[in-house]
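Asker: Below is one structure. I have some questions about it.
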Amino acid sequence: MNTNKHPLLFHILTSLHLSFHLTITFIHANSSSAYTPLDNFALNCGDYGNTTAPDGRKWTGDTASRFIPDTSSSSSTSTASTQYLSPQIPYKTARIFHSQFT
């Protein structure tokens, strides 16, 4: 549309278009309920066994667990030697894949 010929029409249509999208977004945001997962897993990559963080969350280590196949040849784990401000769980350990993993 050439806005030079009908500037008022352009502004009205633009305002209506924006109002429509904002209204739809507002209605959708208020009508949808929050997603509640059936299962709640927190994986601590590169760690063994189950641990509990200082905030009470339960973490499962992925090493030798049912969540990850035997990756002894395709991945390795690493542990931070120094841990300053962040909590140890889950930030102290990591799993490093040497090839593409899905």
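Residues in the structure tokens are named by chain (A, B, ... in the order shown) and by number from 1 within that chain; ligands are numbered from 1 in the order shown.
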I need the strand (DSSP E) residues of region 36-91 of chain A per DSSP on the backbone, written as a PyMOL selection string.

Answerer: chain A and resi 43-48+50-52+58-63+75-79

Asker: What does the file look like for those residues with N, CA and C atoms, as a tab-separated table (two decimals), in the first residue's frame?

Answerer:
chain	number	residue	atom	x	y	z
A	43	LEU	N	19.52	-34.39	35.41
A	43	LEU	CA	20.73	-35.17	35.18
A	43	LEU	C	21.96	-34.37	35.53
A	44	ASN	N	22.83	-34.96	36.30
A	44	ASN	CA	24.10	-34.36	36.66
A	44	ASN	C	25.15	-35.00	35.75
A	45	CYS	N	25.41	-34.38	34.62
A	45	CYS	CA	26.28	-34.95	33.59
A	45	CYS	C	27.69	-35.16	34.11
A	46	GLY	N	28.21	-36.36	33.86
A	46	GLY	CA	29.57	-36.67	34.24
A	46	GLY	C	29.73	-37.16	35.67
A	47	ASP	N	28.63	-37.37	36.38
A	47	ASP	CA	28.70	-37.80	37.77
A	47	ASP	C	28.04	-39.16	37.92
A	48	TYR	N	28.35	-39.86	39.00
A	48	TYR	CA	27.78	-41.16	39.33
A	48	TYR	C	26.73	-41.02	40.41
A	50	ASN	N	23.14	-40.84	42.76
A	50	ASN	CA	22.17	-39.80	43.08
A	50	ASN	C	22.75	-38.84	44.12
A	51	THR	N	22.48	-37.56	43.92
A	51	THR	CA	22.94	-36.55	44.86
A	51	THR	C	21.81	-35.54	45.10
A	52	THR	N	21.92	-34.82	46.17
A	52	THR	CA	20.94	-33.79	46.48
A	52	THR	C	21.67	-32.46	46.59
A	58	LYS	N	16.85	-33.13	43.70
A	58	LYS	CA	17.49	-34.44	43.54
A	58	LYS	C	18.08	-34.53	42.14
A	59	TRP	N	19.35	-34.93	42.05
A	59	TRP	CA	20.06	-35.05	40.78
A	59	TRP	C	20.52	-36.50	40.59
A	60	THR	N	20.43	-36.97	39.34
A	60	THR	CA	20.87	-38.32	38.99
A	60	THR	C	22.09	-38.20	38.10
A	61	GLY	N	23.17	-38.85	38.48
A	61	GLY	CA	24.36	-38.86	37.63
A	61	GLY	C	24.10	-39.67	36.37
A	62	ASP	N	24.60	-39.21	35.24
A	62	ASP	CA	24.34	-39.92	33.98
A	62	ASP	C	25.31	-41.06	33.73
A	63	THR	N	26.44	-41.10	34.42
A	63	THR	CA	27.42	-42.15	34.22
A	63	THR	C	26.86	-43.47	34.76
A	75	SER	N	32.87	-40.84	24.86
A	75	SER	CA	32.78	-39.64	25.69
A	75	SER	C	33.72	-39.77	26.88
A	76	SER	N	33.93	-38.67	27.53
A	76	SER	CA	34.73	-38.66	28.76
A	76	SER	C	34.09	-37.68	29.72
A	77	THR	N	34.47	-37.75	30.96
A	77	THR	CA	33.93	-36.83	31.96
A	77	THR	C	35.03	-35.91	32.45
A	78	SER	N	34.61	-34.79	32.99
A	78	SER	CA	35.56	-33.82	33.51
A	78	SER	C	35.01	-33.25	34.80
A	79	THR	N	35.90	-33.01	35.74
A	79	THR	CA	35.52	-32.42	37.03
A	79	THR	C	36.31	-31.14	37.24

Asker: Do you know which residues are at most 12 Å from Pro54 (chain A) counting only C-alpha atoms, after dropping those on the same chain fewer than 5 positions away, and could you put them as a list of chain:residue names?

Answerer: A:Trp59, A:Ser86, A:Pro87, A:Gln88, A:Ile89, A:Pro90

Asker: Which residue is closest to Ser81 (chain A)? Choose from A:Leu38, A:Ile24, A:Leu8, A:Thr93 and count only C-alpha atoms.

Answerer: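 That would be A:Thr93, the residue with the smallest distance to Ser81 (chain A).
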
Asker: May I ask for the distance between CA of Ala64 (chain A) and CA of Phe97 (chain A), given in Å to one decimal place?

Answerer: 15.1 Å

Asker: What does the distance between CA of Ser33 (chain A) and CA of Leu16 (chain A) come to in Å, to one decimal place?

Answerer: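 Straight-line distance from CA of Ser33 (chain A) to CA of Leu16 (chain A) works out to 27.8 Å.
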
Asker: Quote the spacing between CA of Lys92 (chain A) and CA of Ala80 (chain A) in Å to one decimal place.

Answerer: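 Straight-line distance from CA of Lys92 (chain A) to CA of Ala80 (chain A) works out to 5.2 Å.
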